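Below you'll find the structure, written out as structure tokens, and then a few comments.
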Amino acid sequence: MGTVIEGVVEHGRRLGRELGFPTANLSVPDTLEIPDGVYRSRAEVGGQSYAAMSNLGRNPSVGGVSRRLETHLFGFDGSLYGSRLRVELFERIRGERTFSSTGELREQIGHDREQVLELERQHNAGFAIK
């Protein structure tokens with residue numbers, strides 16, 4: 001079992017959507033003792049469970065300051081604002097780092113997505129991922 005973070009989805013800067021990876025944003029206390037970075041995760045909302053990719057950190061590439069958890073739910077389409085979200089973090093696939101452009105960030109997120117999906121296939125053979 002991984003680290004679980006729960007909360008109400010907040011409005012962010014919509015950068016994930018602009019990059020092609022919309023995310024549900026949760027505030028995270030600085031006291032949470034888990035390293036910042038990108039994780040394979042599982043998100044639960046409204047009684048449904050989704051394979052997911054999460055970034056825990058401050059988003060240094062885009063001037064972020066507050067620590068937050070941003071989670072992209074595979075196969076989910078809709079709005080989660082104001083919904084209660086439960087996210088369980090599993091493997092950390094890389095640490096948080098600063099990118100020189102949003103294009104470089106978008107490319108890295110694409111690589112992260114493929115790595116997370118491959119891990120998901122290994123851990124959940126037969127589980128359909130969109």
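Following the order of the structure tokens, first chain is A, next is B, and so on, with residues numbered from 1 inside each chain and ligands from 1 in the order they appear.
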Sel. of strand (DSSP E or B) residues, range 47-90 of chain A, as an MDAnalysis selection string: chainID A and resid 48:57 68:73 84:90
Who sits within 10 Å of Val4 in chain A, only C-alpha atoms, same chain under 5 positions skipped, as a PyMOL selection string: chain A and resi 41-43+86-90
Would you put the residues from that selection into a file with C-alpha atoms, as a CSV table (one decimal), in the first residue's frame?
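Done, and the output landed in result.csv:
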chain,number,residue,atom,x,y,z
A,41,SER,CA,-1.1,6.4,-8.6
A,42,ARG,CA,-4.7,5.3,-8.3
A,43,ALA,CA,-7.5,7.9,-7.8
A,86,ARG,CA,-8.6,10.0,-2.7
A,87,VAL,CA,-5.2,9.4,-4.3
A,88,GLU,CA,-2.9,6.5,-3.5
A,89,LEU,CA,0.7,7.1,-4.6
A,90,PHE,CA,2.8,4.0,-5.6
Apply DSSP to the structure's backbone, then extract all residues of range 68-123 of chain A labelled helix (DSSP H, G or I) and return them as a compact mmCIF listing (two decimals) with C-alpha atoms, in the first residue's frame.
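New file states.txt:
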# COMPACT_ATOMS: atom_id res chain seq x y z
CA THR A 102 6.54 24.29 -21.53
CA GLY A 103 7.35 22.29 -24.68
CA GLU A 104 10.11 20.43 -22.86
CA LEU A 105 7.74 19.89 -19.90
CA ARG A 106 4.99 18.57 -22.21
CA GLU A 107 7.44 16.13 -23.82
CA GLN A 108 8.60 14.86 -20.41
CA ILE A 109 4.99 14.40 -19.23
CA GLY A 110 4.38 12.29 -22.34
CA HIS A 111 7.35 10.09 -21.40
CA ASP A 112 6.12 9.93 -17.79
CA ARG A 113 2.68 8.85 -19.03
CA GLU A 114 4.15 5.97 -21.04
CA GLN A 115 6.27 4.83 -18.10
CA VAL A 116 3.28 4.97 -15.71
CA LEU A 117 1.07 3.07 -18.16
CA GLU A 118 3.72 0.37 -18.58
CA LEU A 119 3.99 -0.02 -14.79
CA GLU A 120 0.20 -0.14 -14.59
CA ARG A 121 0.09 -2.92 -17.19
CA GLN A 122 2.70 -4.89 -15.22
CA HIS A 123 0.85 -4.51 -11.91
For His11 in chain A, please output as a PDB file with C-alpha atoms, in the first residue's frame all residues within 10 Å (counting only C-alpha atoms; exclusion window: fewer than 5 positions along the same chain).
ATOM      1  CA  THR A  23      -5.258  17.321 -13.570  1.00  0.00           C
ATOM      2  CA  ALA A  24      -7.230  17.341 -10.336  1.00  0.00           C
ATOM      3  CA  ASN A  25      -5.438  19.530  -7.798  1.00  0.00           C
ATOM      4  CA  LEU A  26      -5.221  18.942  -4.040  1.00  0.00           C
ATOM      5  CA  LEU A  80     -13.885  17.208 -10.600  1.00  0.00           C
ATOM      6  CA  TYR A  81     -13.906  20.672  -9.023  1.00  0.00           C
ATOM      7  CA  GLY A  82     -15.380  20.485  -5.527  1.00  0.00           C
TER       8      GLY A  82
END
Within 12 Å of Glu70 in chain A using only C-alpha atoms, minus same-chain residues under 3 positions, as JSON, numbers by chain: {"A": [5, 6, 7, 9, 10, 11, 12, 13, 14, 15, 16, 17, 21, 22, 23, 24, 25, 26, 27, 28, 36, 37, 38, 39, 40, 41, 43, 52, 53, 54, 55, 56, 57, 58, 59, 66, 67, 73, 85, 86, 87, 89]}
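Comparing the minimum interatomic distances between Val45 in chain A and each of A:Glu33, A:Gly75, A:Ser83, A:Ile93, counting only C-alpha atoms, we find that A:Ser83 sits nearest.
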